[in-house]
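First up is the structure itself, then whatever we jot down about it.
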Amino acid sequence: MKESSSKGIIILILVIVVLFGIYKFITKNDNKKEEIKPENYVSVENEKVDSNEIRIGIIEFDNINPIISNNKNVQDISRLIFDSLFTLTQDEYKLEADLAKECSKIADKTYVIKLKDGIKWHDGNKFDAFDVEFTIDMLKKIGSDSVYYYNVKDIEEVEVIDETTIKLKTNKDIPFYEYNLIFPIVSCKYYNEDNFLLESKNIKTVGTGRYYISETTNNNIILKKSVANFDKKSTKLDIINLKLYSSLSETINAFKESQIDIFTTANKDIDEYLKHVNYNKVDYINRNYSYLALNCDNNILNNIEVRQAINASIDKNEIANNLHMNAIVSNFPLDYGSYAYDKSNPYIEYDSNNAKRLLVDNNWKYENKKWRKTVNGKYLKIELELVTNKNSNMIKMANMIKENLEKIGIQIKIIEAKDEQYNKYINNKNYDMILVDSTYGYSPSLEKYFGDGNLANYNSESIRETLLKAQNIKDENEIRKEYSSIVEKYNLEVPYISLNYNTSSLIYNKNLKGSIKPNSYNVFYGIENWYREYSKK
């Protein structure tokens with residue numbers, strides 16, 4: 001009986017063990033089934049998704065037609081919608097064919113442009129030479145109200161040879177003239193002279209660019225990728241949502257609330273406004289360029305050593321750091337990044353002791369708080385007037401220059417001129433020195449600074465000969481070499497003092513990915529390969 005009872009207990013234990021084993025086997029397999037994931041599975045909580053849409057903030061939008069818009073944001077965006085005959089490269093501002101295949105100079109003032117064939121407008125019409133002719137005619141008709149008028153103002157005659165060939169004649173020989181041909185081309189099939197300014201024609205205008213206008217509202221413009229002239233696979237970014245804001249502060253708030261991914265501004269305090277926001281920023285030189293022209297016909301400034309002393313006594317870094325905008329030091333009119341300028345070129349460092357030494361070594365004496373000298377029986381003393389436009393930043397810059405010069409004993413009187421008076425000074429060149437706030441051109445031409453009627457009344461036969469020679473050189477390295485000899489003479493004779501460039505900032509969300517390298521001509525190089533990454537909720 002006892003033996004039978006023991007056997008029963010053993011059997012019961014075995015049954016329990018077997019049943020427990022079966023339970024573990026079943027639950028283990030059930031858990032395995034639950035743990036099976038797709039091969040590329042990423043936890044939903046951490047899943048990263050690429051958006052085919054990015055959102056760009058546009059401040060103070062006026063018109064999407066680039067010919068009549070005066071908004072820098074629109075001009076930047078227009079390069080995505082409209083093409084030009086030629087465009088500029090991302091690095092060194094080199095000329096590159098766009099709608100044109102080539103441009104041949106057949107005489108001093110005559111050019112023949114061959115156009116690419118098979119280009120379509122977004123509405124399906126064919127692009128041809130008549131569109132180029134129409135665009136030039138409209139720019140000349142609109143005049144200085146268009147930012148691109150100065151690109152065409154010297155065109156005297158336009159002749160359409162055939163659908164893909166156009167001849168241009170200018171009213172003078174213009175060095176590196178092809179650089180003028182970077183204005184957007186509009187369609188004469190879509191527009192005519194009578195409806196060009198109509199709001200209804202400028203809501204969903206057509207271009208030949210990588211993106212076309214799909215939808216418009218009061219607050220948004222939707223751009224979608226075009227397959228008219230581009231292979232579908234070459235454009236990864238499908239949609240660009242332009243969000244329109246009335247002010248920078250409104251745009252900043254939208255950025256903080258993740259309603260936009262990117263915007264541009266020249267505001268110096270942008271980092272302060274975004275101090276609690278995680279973002280990326282790229283600073284780039286914009287087209288505002290400031291320099292000092294020294295009148296070489298002036299009886300004081302025609303002395304090279306005086307111009308050299310003025311140059312050595314101006315602390316450009318101090319001036320750039322204390323302006324009401326972001327500014328970086330410049331040393332020559334082409335050092336914004338042009339391929340024609342050799343970055344290794346030397347420049348004159350700030351050195352007030354050297355400035356004084358230059359004067360002493362050339363027989364100037366500092367007496368009664370003035371530098372004095374007698375030349376050919378004529379008594380000279382360094383007292384100069386500095387003309388500036390009555391603009392707060394210009395006045396501030398002029399006063400900093402005055403302080404720098406007075407530290408070495410050069411007496412300066414500042415003349416604050418209103419626009420009309422300032423322009424008279426410019427036209428008549430009746431000044432000792434004038435502070436100029438200008439827009440630099442992309443062309444490597446230096447005629448503005450060394451040609452006839454230049455603001456310094458400076459005349460150098462050797463520089464003019466070098467410029468003439470450079471016009472006919474195709475090799476970029478050779479052009480750079482020739483220009484380095486100009487820089488050397490410029491540093492020696494100092495007809496101008498290059499001061500600074502203003503900078504703008506491209507602000508973008510940390511989730512925006514791609515190669516983001518803006519310059520003043522185009523802030524959206526390679527945008528077709530940008531994308532927005534975000535976590536799926």
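Residues are referred to by chain and number: the chain letter is A, B, ... according to the order shown in the structure tokens, the number counts from 1 in that chain, and ligands are numbered separately from 1 in the order shown.
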
>> Just want the 9 Å neighbourhood of A:Ile415, counted on only C-alpha atoms, with same-chain residues fewer than 4 positions away dropped. Output as a PyMOL selection string.
In response: chain A and resi 385-390

Limited to C-alpha atoms, could you put the picked residues into a file as a PDB file, in the first residue's frame?
```pdb
ATOM      1  CA  GLU A 385      36.729 116.784 -44.896  1.00  0.00           C
ATOM      2  CA  LEU A 386      34.960 113.423 -44.908  1.00  0.00           C
ATOM      3  CA  VAL A 387      31.591 113.318 -46.687  1.00  0.00           C
ATOM      4  CA  THR A 388      29.056 110.698 -45.650  1.00  0.00           C
ATOM      5  CA  ASN A 389      25.451 109.988 -46.439  1.00  0.00           C
ATOM      6  CA  LYS A 390      23.092 110.970 -43.622  1.00  0.00           C
TER       7      LYS A 390
END
```

> If we count only C-alpha atoms, what is near A:Leu244 at a cut-off of 12 Å, once residues fewer than 5 positions away on the same chain are taken out, given as a PyMOL selection string?
Replying inline: chain A and resi 55-64+73-74+216-222+250-251+254+259-260+263

With N, CA, C and O atoms kept, could you save the residues just selected as a JSON list (two decimals), in the first residue's frame?
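Output file again.json follows:
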```
[["chain", "number", "residue", "atom", "x", "y", "z"],
["A", 55, "ARG", "N", 9.56, 74.19, -45.30],
["A", 55, "ARG", "CA", 8.77, 75.41, -45.16],
["A", 55, "ARG", "C", 9.71, 76.60, -44.97],
["A", 55, "ARG", "O", 10.52, 76.60, -44.05],
["A", 56, "ILE", "N", 9.59, 77.58, -45.85],
["A", 56, "ILE", "CA", 10.50, 78.73, -45.86],
["A", 56, "ILE", "C", 9.72, 80.00, -45.49],
["A", 56, "ILE", "O", 8.67, 80.26, -46.07],
["A", 57, "GLY", "N", 10.25, 80.77, -44.56],
["A", 57, "GLY", "CA", 9.63, 82.03, -44.17],
["A", 57, "GLY", "C", 10.02, 83.16, -45.11],
["A", 57, "GLY", "O", 11.21, 83.37, -45.36],
["A", 58, "ILE", "N", 9.05, 83.87, -45.65],
["A", 58, "ILE", "CA", 9.27, 85.02, -46.52],
["A", 58, "ILE", "C", 8.77, 86.27, -45.80],
["A", 58, "ILE", "O", 7.61, 86.32, -45.38],
["A", 59, "ILE", "N", 9.63, 87.26, -45.66],
["A", 59, "ILE", "CA", 9.29, 88.46, -44.89],
["A", 59, "ILE", "C", 8.95, 89.60, -45.84],
["A", 59, "ILE", "O", 9.66, 89.89, -46.79],
["A", 60, "GLU", "N", 7.81, 90.27, -45.58],
["A", 60, "GLU", "CA", 7.36, 91.43, -46.35],
["A", 60, "GLU", "C", 7.27, 91.12, -47.84],
["A", 60, "GLU", "O", 7.76, 91.85, -48.69],
["A", 61, "PHE", "N", 6.60, 90.03, -48.17],
["A", 61, "PHE", "CA", 6.40, 89.62, -49.55],
["A", 61, "PHE", "C", 5.67, 90.72, -50.33],
["A", 61, "PHE", "O", 4.75, 91.34, -49.82],
["A", 62, "ASP", "N", 6.14, 90.96, -51.56],
["A", 62, "ASP", "CA", 5.45, 91.95, -52.39],
["A", 62, "ASP", "C", 4.88, 91.35, -53.67],
["A", 62, "ASP", "O", 3.72, 91.56, -54.00],
["A", 63, "ASN", "N", 5.66, 90.56, -54.39],
["A", 63, "ASN", "CA", 5.21, 90.04, -55.68],
["A", 63, "ASN", "C", 6.12, 88.89, -56.08],
["A", 63, "ASN", "O", 7.32, 88.97, -55.90],
["A", 64, "ILE", "N", 5.53, 87.83, -56.64],
["A", 64, "ILE", "CA", 6.35, 86.67, -57.02],
["A", 64, "ILE", "C", 7.04, 86.88, -58.36],
["A", 64, "ILE", "O", 7.93, 86.11, -58.73],
["A", 73, "ASN", "N", 14.07, 88.30, -50.36],
["A", 73, "ASN", "CA", 13.60, 86.93, -50.18],
["A", 73, "ASN", "C", 12.99, 86.38, -51.47],
["A", 73, "ASN", "O", 13.23, 85.23, -51.86],
["A", 74, "VAL", "N", 12.21, 87.23, -52.16],
["A", 74, "VAL", "CA", 11.58, 86.81, -53.41],
["A", 74, "VAL", "C", 12.65, 86.58, -54.48],
["A", 74, "VAL", "O", 12.58, 85.63, -55.27],
["A", 216, "THR", "N", -1.59, 79.16, -54.43],
["A", 216, "THR", "CA", -1.32, 80.41, -53.72],
["A", 216, "THR", "C", -2.52, 80.78, -52.86],
["A", 216, "THR", "O", -3.67, 80.57, -53.25],
["A", 217, "THR", "N", -2.23, 81.30, -51.67],
["A", 217, "THR", "CA", -3.25, 81.88, -50.81],
["A", 217, "THR", "C", -2.69, 83.21, -50.30],
["A", 217, "THR", "O", -1.60, 83.62, -50.70],
["A", 218, "ASN", "N", -3.41, 83.85, -49.43],
["A", 218, "ASN", "CA", -2.91, 85.11, -48.86],
["A", 218, "ASN", "C", -1.66, 84.90, -48.02],
["A", 218, "ASN", "O", -0.85, 85.82, -47.86],
["A", 219, "ASN", "N", -1.50, 83.69, -47.46],
["A", 219, "ASN", "CA", -0.40, 83.45, -46.52],
["A", 219, "ASN", "C", 0.60, 82.39, -46.98],
["A", 219, "ASN", "O", 1.60, 82.17, -46.31],
["A", 220, "ASN", "N", 0.31, 81.74, -48.10],
["A", 220, "ASN", "CA", 1.19, 80.65, -48.55],
["A", 220, "ASN", "C", 1.32, 80.64, -50.07],
["A", 220, "ASN", "O", 0.39, 81.01, -50.79],
["A", 221, "ILE", "N", 2.49, 80.20, -50.52],
["A", 221, "ILE", "CA", 2.70, 79.87, -51.93],
["A", 221, "ILE", "C", 3.34, 78.49, -51.94],
["A", 221, "ILE", "O", 4.38, 78.27, -51.32],
["A", 222, "ILE", "N", 2.70, 77.55, -52.63],
["A", 222, "ILE", "CA", 3.20, 76.19, -52.68],
["A", 222, "ILE", "C", 3.94, 75.97, -54.00],
["A", 222, "ILE", "O", 3.39, 76.17, -55.08],
["A", 250, "GLU", "N", 7.39, 88.38, -36.50],
["A", 250, "GLU", "CA", 6.37, 87.37, -36.78],
["A", 250, "GLU", "C", 7.03, 86.10, -37.33],
["A", 250, "GLU", "O", 6.64, 84.98, -36.98],
["A", 251, "THR", "N", 8.04, 86.28, -38.15],
["A", 251, "THR", "CA", 8.77, 85.14, -38.72],
["A", 251, "THR", "C", 9.51, 84.38, -37.63],
["A", 251, "THR", "O", 9.52, 83.14, -37.61],
["A", 254, "ALA", "N", 7.14, 82.27, -35.68],
["A", 254, "ALA", "CA", 6.76, 81.08, -36.45],
["A", 254, "ALA", "C", 7.87, 80.03, -36.39],
["A", 254, "ALA", "O", 7.61, 78.83, -36.30],
["A", 259, "GLN", "N", 6.77, 76.24, -37.16],
["A", 259, "GLN", "CA", 5.88, 76.38, -38.31],
["A", 259, "GLN", "C", 6.66, 76.56, -39.61],
["A", 259, "GLN", "O", 6.13, 76.34, -40.69],
["A", 260, "ILE", "N", 7.93, 76.99, -39.51],
["A", 260, "ILE", "CA", 8.81, 77.09, -40.66],
["A", 260, "ILE", "C", 10.15, 76.45, -40.32],
["A", 260, "ILE", "O", 10.50, 76.31, -39.14],
["A", 263, "PHE", "N", 14.70, 80.62, -42.61],
["A", 263, "PHE", "CA", 14.49, 81.99, -43.05],
["A", 263, "PHE", "C", 15.83, 82.70, -43.05],
["A", 263, "PHE", "O", 16.82, 82.21, -42.47]]
```

>> Between atom CA of A:Ser352 and atom CA of A:Asn430, what distance in Å does the model show, to one decimal?
In response: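 Straight-line distance from atom CA of A:Ser352 to atom CA of A:Asn430 works out to 27.9 Å.
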
Can you list, as a PDB file with C-alpha atoms, in the first residue's frame, every protein, DNA or RNA residue that comes within 10 Å of A:Asn393 when you count only C-alpha atoms, leaving out same-chain residues fewer than 3 positions away?
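Just written: result-v6.pdb:
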```
ATOM      1  CA  ASN A 322      30.861  98.155 -33.617  1.00  0.00           C
ATOM      2  CA  LEU A 323      28.387  98.634 -36.450  1.00  0.00           C
ATOM      3  CA  HIS A 324      24.641  98.049 -36.108  1.00  0.00           C
ATOM      4  CA  MET A 325      24.841  95.109 -38.498  1.00  0.00           C
ATOM      5  CA  ASN A 389      25.451 109.988 -46.439  1.00  0.00           C
ATOM      6  CA  LYS A 390      23.092 110.970 -43.622  1.00  0.00           C
ATOM      7  CA  LYS A 396      28.682 105.972 -37.066  1.00  0.00           C
ATOM      8  CA  MET A 397      31.323 104.569 -39.416  1.00  0.00           C
ATOM      9  CA  ALA A 398      32.483 108.090 -40.352  1.00  0.00           C
ATOM     10  CA  ASN A 399      32.878 109.035 -36.698  1.00  0.00           C
ATOM     11  CA  ASP A 437      27.967 102.370 -49.098  1.00  0.00           C
TER      12      ASP A 437
END
```

>> I'd like the interatomic distance between atom CA of A:Lys448 and atom CA of A:Pro333, to a tenth of an Å.
In response: 10.0 Å

Using DSSP on the backbone, list every residue of stretch 377-478 of chain A that comes out as alpha helix (DSSP H), and give them as a tab-separated table (two decimals) with N, CA, C and O atoms, in the first residue's frame.
```
chain	number	residue	atom	x	y	z
A	392	SER	N	22.36	106.44	-40.39
A	392	SER	CA	22.88	106.22	-39.03
A	392	SER	C	24.14	105.36	-39.01
A	392	SER	O	25.11	105.68	-38.32
A	393	ASN	N	24.16	104.28	-39.79
A	393	ASN	CA	25.35	103.43	-39.81
A	393	ASN	C	26.53	104.10	-40.49
A	393	ASN	O	27.68	103.96	-40.06
A	394	MET	N	26.24	104.85	-41.56
A	394	MET	CA	27.31	105.55	-42.26
A	394	MET	C	27.91	106.64	-41.36
A	394	MET	O	29.13	106.83	-41.33
A	395	ILE	N	27.05	107.34	-40.66
A	395	ILE	CA	27.54	108.39	-39.75
A	395	ILE	C	28.38	107.77	-38.63
A	395	ILE	O	29.44	108.30	-38.27
A	396	LYS	N	27.92	106.65	-38.11
A	396	LYS	CA	28.68	105.97	-37.07
A	396	LYS	C	30.04	105.54	-37.60
A	396	LYS	O	31.07	105.70	-36.93
A	397	MET	N	30.07	105.00	-38.81
A	397	MET	CA	31.32	104.57	-39.42
A	397	MET	C	32.25	105.76	-39.63
A	397	MET	O	33.45	105.69	-39.36
A	398	ALA	N	31.69	106.88	-40.12
A	398	ALA	CA	32.48	108.09	-40.35
A	398	ALA	C	33.11	108.59	-39.06
A	398	ALA	O	34.27	109.01	-39.03
A	399	ASN	N	32.35	108.56	-37.99
A	399	ASN	CA	32.88	109.04	-36.70
A	399	ASN	C	33.97	108.13	-36.15
A	399	ASN	O	34.92	108.61	-35.52
A	400	MET	N	33.87	106.83	-36.40
A	400	MET	CA	34.93	105.92	-35.97
A	400	MET	C	36.20	106.16	-36.78
A	400	MET	O	37.31	106.12	-36.24
A	401	ILE	N	36.04	106.44	-38.08
A	401	ILE	CA	37.20	106.78	-38.92
A	401	ILE	C	37.83	108.07	-38.43
A	401	ILE	O	39.06	108.18	-38.30
A	402	LYS	N	37.00	109.06	-38.11
A	402	LYS	CA	37.49	110.35	-37.58
A	402	LYS	C	38.30	110.14	-36.30
A	402	LYS	O	39.40	110.69	-36.14
A	403	GLU	N	37.77	109.32	-35.39
A	403	GLU	CA	38.47	109.05	-34.13
A	403	GLU	C	39.82	108.37	-34.39
A	403	GLU	O	40.83	108.71	-33.76
A	404	ASN	N	39.83	107.40	-35.30
A	404	ASN	CA	41.09	106.71	-35.65
A	404	ASN	C	42.12	107.69	-36.18
A	404	ASN	O	43.30	107.66	-35.78
A	405	LEU	N	41.70	108.57	-37.09
A	405	LEU	CA	42.64	109.50	-37.72
A	405	LEU	C	43.12	110.57	-36.74
A	405	LEU	O	44.29	110.98	-36.78
A	406	GLU	N	42.24	111.01	-35.89
A	406	GLU	CA	42.64	112.04	-34.93
A	406	GLU	C	43.60	111.51	-33.88
A	406	GLU	O	44.33	112.28	-33.26
A	407	LYS	N	43.63	110.19	-33.69
A	407	LYS	CA	44.60	109.59	-32.76
A	407	LYS	C	46.02	109.79	-33.25
A	407	LYS	O	46.96	109.81	-32.45
A	419	ASP	N	20.51	112.79	-49.21
A	419	ASP	CA	20.67	112.05	-50.46
A	419	ASP	C	21.00	112.94	-51.66
A	419	ASP	O	21.95	112.68	-52.40
A	420	GLU	N	20.21	113.99	-51.86
A	420	GLU	CA	20.42	114.84	-53.03
A	420	GLU	C	21.78	115.52	-52.99
A	420	GLU	O	22.50	115.56	-53.99
A	421	GLN	N	22.15	116.04	-51.82
A	421	GLN	CA	23.44	116.70	-51.67
A	421	GLN	C	24.58	115.69	-51.82
A	421	GLN	O	25.61	115.97	-52.47
A	422	TYR	N	24.39	114.51	-51.24
A	422	TYR	CA	25.41	113.46	-51.33
A	422	TYR	C	25.66	113.07	-52.78
A	422	TYR	O	26.81	112.93	-53.21
A	423	ASN	N	24.59	112.93	-53.56
A	423	ASN	CA	24.73	112.58	-54.97
A	423	ASN	C	25.45	113.67	-55.76
A	423	ASN	O	26.19	113.36	-56.71
A	424	LYS	N	25.27	114.91	-55.36
A	424	LYS	CA	26.00	116.00	-56.02
A	424	LYS	C	27.50	115.88	-55.75
A	424	LYS	O	28.33	116.11	-56.63
A	425	TYR	N	27.83	115.55	-54.51
A	425	TYR	CA	29.25	115.32	-54.19
A	425	TYR	C	29.82	114.21	-55.07
A	425	TYR	O	30.93	114.33	-55.62
A	426	ILE	N	29.06	113.12	-55.19
A	426	ILE	CA	29.50	111.97	-55.99
A	426	ILE	C	29.71	112.38	-57.45
A	426	ILE	O	30.74	112.07	-58.08
A	427	ASN	N	28.73	113.09	-58.00
A	427	ASN	CA	28.78	113.46	-59.43
A	427	ASN	C	29.87	114.49	-59.72
A	427	ASN	O	30.54	114.41	-60.76
A	428	ASN	N	30.03	115.44	-58.82
A	428	ASN	CA	31.00	116.52	-59.06
A	428	ASN	C	32.40	116.20	-58.54
A	428	ASN	O	33.36	116.89	-58.88
A	447	GLU	N	36.64	98.27	-63.54
A	447	GLU	CA	36.51	99.56	-64.22
A	447	GLU	C	35.92	100.63	-63.30
A	447	GLU	O	36.31	101.80	-63.37
A	448	LYS	N	35.01	100.22	-62.46
A	448	LYS	CA	34.36	101.17	-61.54
A	448	LYS	C	35.38	101.90	-60.67
A	448	LYS	O	35.21	103.08	-60.35
A	449	TYR	N	36.43	101.22	-60.31
A	449	TYR	CA	37.42	101.77	-59.38
A	449	TYR	C	38.63	102.39	-60.07
A	449	TYR	O	39.27	103.28	-59.50
A	450	PHE	N	38.94	101.92	-61.28
A	450	PHE	CA	40.17	102.38	-61.93
A	450	PHE	C	39.94	102.96	-63.32
A	450	PHE	O	40.89	103.45	-63.94
A	461	GLU	N	48.15	104.08	-65.55
A	461	GLU	CA	48.24	103.46	-66.87
A	461	GLU	C	48.53	101.97	-66.75
A	461	GLU	O	48.00	101.16	-67.51
A	462	SER	N	49.39	101.60	-65.80
A	462	SER	CA	49.76	100.19	-65.67
A	462	SER	C	48.55	99.34	-65.27
A	462	SER	O	48.37	98.22	-65.76
A	463	ILE	N	47.71	99.86	-64.37
A	463	ILE	CA	46.52	99.12	-63.98
A	463	ILE	C	45.55	99.01	-65.15
A	463	ILE	O	44.96	97.95	-65.41
A	464	ARG	N	45.39	100.08	-65.91
A	464	ARG	CA	44.47	100.04	-67.05
A	464	ARG	C	44.94	99.04	-68.10
A	464	ARG	O	44.14	98.32	-68.69
A	465	GLU	N	46.22	99.00	-68.32
A	465	GLU	CA	46.77	98.03	-69.27
A	465	GLU	C	46.54	96.60	-68.79
A	465	GLU	O	46.21	95.71	-69.59
A	466	THR	N	46.71	96.39	-67.49
A	466	THR	CA	46.49	95.06	-66.93
A	466	THR	C	45.03	94.65	-67.06
A	466	THR	O	44.71	93.51	-67.41
A	467	LEU	N	44.11	95.59	-66.79
A	467	LEU	CA	42.68	95.30	-66.91
A	467	LEU	C	42.30	94.96	-68.35
A	467	LEU	O	41.50	94.04	-68.60
A	468	LEU	N	42.86	95.70	-69.28
A	468	LEU	CA	42.59	95.45	-70.69
A	468	LEU	C	43.09	94.07	-71.11
A	468	LEU	O	42.41	93.32	-71.83
A	469	LYS	N	44.25	93.72	-70.63
A	469	LYS	CA	44.83	92.40	-70.92
A	469	LYS	C	43.98	91.29	-70.32
A	469	LYS	O	43.72	90.26	-70.97
A	470	ALA	N	43.50	91.49	-69.08
A	470	ALA	CA	42.73	90.46	-68.37
A	470	ALA	C	41.41	90.15	-69.06
A	470	ALA	O	40.90	89.02	-68.96
A	471	GLN	N	40.83	91.15	-69.75
A	471	GLN	CA	39.55	90.94	-70.42
A	471	GLN	C	39.61	89.82	-71.45
A	471	GLN	O	38.61	89.15	-71.72
A	476	GLU	N	41.51	81.13	-65.69
A	476	GLU	CA	41.20	81.79	-64.42
A	476	GLU	C	42.45	82.05	-63.58
A	476	GLU	O	42.56	83.08	-62.91
A	477	ASN	N	43.38	81.12	-63.61
A	477	ASN	CA	44.61	81.30	-62.83
A	477	ASN	C	45.42	82.48	-63.36
A	477	ASN	O	46.04	83.22	-62.58
A	478	GLU	N	45.41	82.66	-64.68
A	478	GLU	CA	46.13	83.78	-65.28
A	478	GLU	C	45.47	85.11	-64.91
A	478	GLU	O	46.16	86.10	-64.64
```

> Where in stretch 103-316 of chain A does DSSP assign strand (DSSP E or B), given as a ChimeraX atom specification?
Replying inline: /A:103-107,110-115,120,126,155-162,165-170,184,211-216,220-225,239-245,262-265,279-294

>> Please determine, counting only C-alpha atoms, which residue among A:Lys140, A:Lys224, A:Lys72, A:Arg287 has the shortest atom-to-atom distance to A:Glu193.
In response: A:Lys140

> Could you pull the residues within 8 Å of A:Asp238, counting only C-alpha atoms, minus those fewer than 2 positions along the same chain, as a ChimeraX atom specification?
Replying inline: /A:52-53,224-225,235-236,240,528

>> Considering only C-alpha atoms, can you say which of A:Ile182, A:Ile412, A:Ala340, A:Leu359 comes closest to A:Tyr483?
In response: A:Ala340

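Ranking A:Tyr341, A:Asp98, A:Lys141, A:Val206 by their shortest atom-to-atom distance to A:Asn125, with only C-alpha atoms included, puts A:Val206 first.
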
>> What's the separation between atom CA of A:Glu133 and atom CA of A:Glu159, in Å to one decimal place?
In response: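 For atom CA of A:Glu133 relative to atom CA of A:Glu159, the distance reads 7.7 Å.
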
> If we count only C-alpha atoms, what is near A:Glu383 at a cut-off of 12 Å, once residues fewer than 2 positions away on the same chain are taken out, given as a PyMOL selection string?
Replying inline: chain A and resi 298-301+306+369-372+380-381+385-386+402+405-406+409-414+432-433

> Residues at most 7 Å from stretch 279-283 of chain A, counting only C-alpha atoms, excluding those fewer than 4 positions away in the same chain, as a PyMOL selection string?
Replying inline: chain A and resi 503-510

Written file, previous selection with C-alpha atoms, as a short mmCIF file (atom, residue, chain, number, x, y, z; two decimals), in the first residue's frame:
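Resulting contents of out24.cif:
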```
data_model
loop_
_atom_site.label_atom_id
_atom_site.label_comp_id
_atom_site.auth_asym_id
_atom_site.auth_seq_id
_atom_site.Cartn_x
_atom_site.Cartn_y
_atom_site.Cartn_z
CA THR A 503 26.61 89.76 -43.71
CA SER A 504 23.26 88.02 -43.62
CA SER A 505 22.33 84.88 -41.74
CA LEU A 506 20.47 81.81 -42.88
CA ILE A 507 18.64 80.39 -39.87
CA TYR A 508 17.41 76.82 -40.08
CA ASN A 509 15.95 74.08 -37.93
CA LYS A 510 18.26 71.34 -36.65
#
```

>> Residues within 9 Å of A:Ser484, please, as a list in words. Count only C-alpha atoms; anything in the same chain fewer than 2 positions from it doesn't count.
In response: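 After dropping sequence-adjacent residues, the list is Ala340, Tyr341, Asp342, Asn345, Ile479, Arg480, Lys481, Glu482, Ile486, Val487, Glu488 and Lys489 of chain A.
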
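Restricting the calculation to only C-alpha atoms, the smallest distance between A:Ser144 and any of A:Ser330, A:Ser69, A:Asn278, A:Glu156 is found for A:Ser69.
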
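Nearest-residue note for A:Lys114: choosing from A:Gln308, A:Ser485, A:Thr164, A:Ser200, the minimum distance belongs to A:Thr164, counting only C-alpha atoms.
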
>> With distances taken over only C-alpha atoms, which residue among A:Ile497, A:Asn511, A:Asn65, A:Leu242 lies nearest A:Val329?
In response: A:Ile497
